[in-house]
Amino acid sequence: MRRILLALLYFLGAAVTLAFLALPLLAIFVHVSPGRLVDQLSNPVVTDALIVSLKTTLIAQALILLFGTPTAYLLASRRFPGRAACITLVELPLVLPPAVAGIGLLAAFGRFGLLGSTLGLAGITLPFTQAAVTIAVAFVASPLYIRQAIAAFEAIDPDLVAASRTLGAGPARTFFRIVLPMARGGLAAGEALAFARGLGEFGATIMFAGSLQHVTQTLPLAIYAEFEVNFDVTLAISALLVLISAALLLSLKLTLLWQPSEQTSRSRFALSSWS
Amino acid sequence: MRASNLTAILAALAGLLLSLSTASGAAERSRPQAYTKVRGITVYAAASLTDVFPRIDPGPRYSFAASSTLAAQITQGAPADVFASANTAIPAQLFASGLVQKPVVFTRNRLVLVVPTSNQAGIHSVYDLQKTGVKLVIAAPSVPVGSYTLQVLEKMGLTNVLANVVSREPDVRSVLSKVALGEADAGFVYSTDARTVPSKVKVIKIPDWAKPSVTYAMAVVSSSGHKAAARRFVKEVLGKAGQKKLLAAGFLPIPKARSGR
C-alpha cells in the first residue's frame, strides 16, 4: 500500500515537473501558425541577429577551447596552493547574475575602466563593438566548459598517463594521443553547454556592448527589442533558439552514444557522468 | 536574571507590535478621501518618471520602463492599474483598442542632448554629432524618446548622424547611464533625466525650432480591479501638489488649453 502511494507521488511529481518545463516551450510554437513563424525568419532583424549571434558565439567558443582546455588540464592534473581558489574563480561567472558580469566588464574594459584607458592608448575601444559581445559571451559561457573539462580530465586514470610516459611518449604526445581522446566526451559536453549558454547571453551583452541591429544585436537582444514592436518576430526568434538548443543537446547525446569501440573501456575508467 | 531579561524583551516586542498594529489600524480608519497615499495599485510609468512619481505618492507599486515596453506588457495582460506614458500616441493606441480608459495629458518635458562631463569628443552643439567617430547612443525607435530623437534629427536635416549611432537602448535611462559612464560620447534624453546626474553629464540644448513637443499622457487600465484607487492616483498627479512636484523635478506645465479636465 505504502509502496503504491510512493510510486504515485513519484509519478505525480514527474508529471508536474515535465508539464511545467514543456508548456512554455510548446506555447511558443502553438501561439502562431508555423507558416507565419517561418515567414518571420526572413525578417532582416532576425537574419542580422542570427549572423551576429553565430559569429560572436563561434569566436567566443574558439577562444574558450583554446584557453580553457589548458587551464582545465592544469587545474585537473596539478595540486598546488591556491588551486581551490582558482577553481572557485573559474566557476564564479556561472553563478553571478549576468548584470553583474556586465558591470564588471564595463569596470574592467570600459573606456574609463581598469584596462580601458590602456586599451584606449592603443586605439582600442571595446564597448559597443562585436568584440565586446564576444567578450561578454566568453565571460559567462567559459565556466560551463572549463568545469566540465576539469571533471573529464580528472576522470582519466593517472596510471594510463604514467604508462604512456614510461613507454617513451613525451608530455605533448601523451596529452594529444591519450588525454584528449579520453576526455573527449566530457569536453564535448562542456562545449555544447557553453555554446548554448553563449547563444542565450543577454544581460552582460546589453550592458557592455549595447544593442544595434547588424552590429551588436544578438538573438536574445532582438527578442527584447522586438517584444514591443512585433510579437510574432519575438516568437520566431524564440522558436529558432529552442530548436538550436534542442539540436545541440540531441547531437551531444548522439555523439556520446555512437562513440567508437575504444569506449568499451568506459566503465573501467569512468569517463564522465555523461551517458 | 537571564530569564527576566528575556521576558522584558519579549514584553517590549509585544508592546511594539501592538502599538504598530493599532497605529496602522488608526491610519486606515482616518484616511481622508483625496490626496493621501494611494495603496494597493500598480502603476506602469515611463522610465523618465522613475524619480518623480514616488515623490508624488510613495503608496503604489511602480514598474518603470520604456512606455512602449509597458504598453506591450499591458497588451499581453499585465496587471497594471494605471499607465503613464512619455507620449500621447501609445496611450491613444491602447485606448483605441479598449485596453485603457480615456487618457489625460498630465505633464510635458524637453528633449536635450547630453554629453559626459569630460566631453572627449568635443561636442558643443547637435551639429557636432556629424563628426566622424562620435559614439552616439539613442533609444530604440519604438520607445517615445527614440522617436522624439528621430524627429529632431529629421527636422534639423541631420539624419546622417544615424551612422554614428553605436547602440539603440531599451529606454531613456539606459541611454543616460551609457553617457554618464562616459562609454558613449553623446545621447538624447529628457532634461529631467539629465538633472538626476548633474555632475556626470553636460546638457546641450536643441534649437527651439527643432524641439519636439514631448507630452505625457496617463490612463486607467480597463482591466484594473482597483479603478477607484487608480482614478484617485491620476487625480493626485493632476492635482496641485502633484503638479508642483513635477515642476520641481523639471517637468513642464500642461498647456492651459488642454488642462480643462
# chains A, B, ... in the order shown; residues from 1 in each chain; ligands from 1

$ interface_residues --of "chain B" --to "chain A" --cutoff "9 Å" --atoms "only C-alpha atoms" --output "list of chain:residue names"
B:Ser68, B:Thr69, B:Leu70, B:Ala71, B:Ala72, B:Gln73, B:Lys135, B:Val137, B:Ala140, B:Ser142, B:Val143, B:Val165, B:Val166, B:Ser167, B:Arg168, B:Glu169, B:Pro170, B:Ser174, B:Lys178, B:Leu181, B:Gly182, B:Glu183, B:Ala184

$ write_last_selection --atoms "C-alpha atoms" --output "compact mmCIF listing (two decimals), in the first residue's frame"
# COMPACT_ATOMS: atom_id res chain seq x y z
CA SER B 68 6.43 51.01 -25.38
CA THR B 69 7.62 48.07 -23.28
CA LEU B 70 4.92 48.74 -20.68
CA ALA B 71 2.29 49.02 -23.42
CA ALA B 72 3.40 45.66 -24.83
CA GLN B 73 3.11 44.16 -21.35
CA LYS B 135 29.73 57.38 -30.39
CA VAL B 137 23.58 56.40 -28.20
CA ALA B 140 15.07 52.32 -29.91
CA SER B 142 9.62 52.29 -30.70
CA VAL B 143 10.48 53.98 -27.40
CA VAL B 165 24.76 55.52 -33.57
CA VAL B 166 26.53 52.72 -31.69
CA SER B 167 23.57 51.45 -29.71
CA ARG B 168 19.79 51.68 -29.63
CA GLU B 169 18.92 51.32 -25.98
CA PRO B 170 15.73 49.88 -24.50
CA SER B 174 19.88 53.23 -20.30
CA LYS B 178 25.79 54.93 -21.07
CA LEU B 181 29.53 56.33 -17.58
CA GLY B 182 31.43 58.02 -20.40
CA GLU B 183 31.13 54.97 -22.64
CA ALA B 184 29.09 56.94 -25.15

$ residues_around --residues "Ala151 (chain A)" --least-positions-apart "2" --cutoff "10 Å" --atoms "only C-alpha atoms" --output "mmCIF file with C-alpha atoms, in the first residue's frame"
data_model
loop_
_atom_site.group_PDB
_atom_site.id
_atom_site.type_symbol
_atom_site.label_atom_id
_atom_site.label_comp_id
_atom_site.auth_asym_id
_atom_site.auth_seq_id
_atom_site.Cartn_x
_atom_site.Cartn_y
_atom_site.Cartn_z
ATOM 1 C CA ALA A 72 41.245 22.907 -17.127
ATOM 2 C CA TYR A 73 44.070 20.375 -17.632
ATOM 3 C CA LEU A 75 43.689 22.535 -12.638
ATOM 4 C CA ALA A 76 42.818 18.848 -13.033
ATOM 5 C CA ILE A 146 36.074 24.607 -18.002
ATOM 6 C CA ARG A 147 34.165 22.939 -15.169
ATOM 7 C CA GLN A 148 33.175 20.029 -17.358
ATOM 8 C CA ALA A 149 36.693 19.798 -18.784
ATOM 9 C CA PHE A 153 40.483 15.305 -17.169
ATOM 10 C CA GLU A 154 40.238 14.250 -13.526
ATOM 11 C CA ALA A 155 38.368 11.111 -14.511
ATOM 12 C CA ILE A 156 41.315 9.832 -16.544
ATOM 13 C CA ALA A 183 38.413 13.265 -22.190
ATOM 14 C CA GLY A 186 33.323 15.380 -21.289
ATOM 15 C CA LEU A 187 34.903 18.155 -23.330
ATOM 16 C CA GLY A 190 31.037 21.098 -21.698
ATOM 17 C CA LEU A 271 34.984 8.796 -18.331
ATOM 18 C CA SER A 272 32.320 11.080 -17.063
ATOM 19 C CA SER A 273 28.785 11.060 -15.930
#

$ closest_residue --among "B:Met218, B:Val203, B:Val189, B:Ile41" --to "Ser147 (chain B)" --atoms "only C-alpha atoms"
B:Val189

$ residues_around --residues "Phe29 (chain A)" --least-positions-apart "4" --cutoff "8 Å" --atoms "only C-alpha atoms" --output "list in words"
Leu25, Ser33, Pro34, Leu235 and Ala239 of chain A

$ write_last_selection --atoms "C-alpha atoms" --output "PDB file, in the first residue's frame"
ATOM      1  CA  LEU A  25       8.319  25.724 -24.928  1.00  0.00           C
ATOM      2  CA  SER A  33       0.990  29.172 -37.059  1.00  0.00           C
ATOM      3  CA  PRO A  34       4.236  27.519 -38.232  1.00  0.00           C
ATOM      4  CA  LEU A 235       8.116  34.210 -31.148  1.00  0.00           C
ATOM      5  CA  ALA A 239      11.344  29.167 -31.650  1.00  0.00           C
TER       6      ALA A 239
END

$ atom_distance --atom1 "CA of Pro60 (chain B)" --atom2 "CA of Lys37 (chain B)"
7.8 Å

$ residues_around --residues "Val161 (chain A)" --least-positions-apart "5" --cutoff "9 Å" --atoms "only C-alpha atoms" --output "ChimeraX atom specification"
/A:156,166,171,174-175,178-179

$ select_by_dssp --residues "region 166-272 of chain A" --states "helix (DSSP H, G or I)" --output "PyMOL selection string"
chain A and resi 166+171-199+203-208+219-226+231-257+261-269
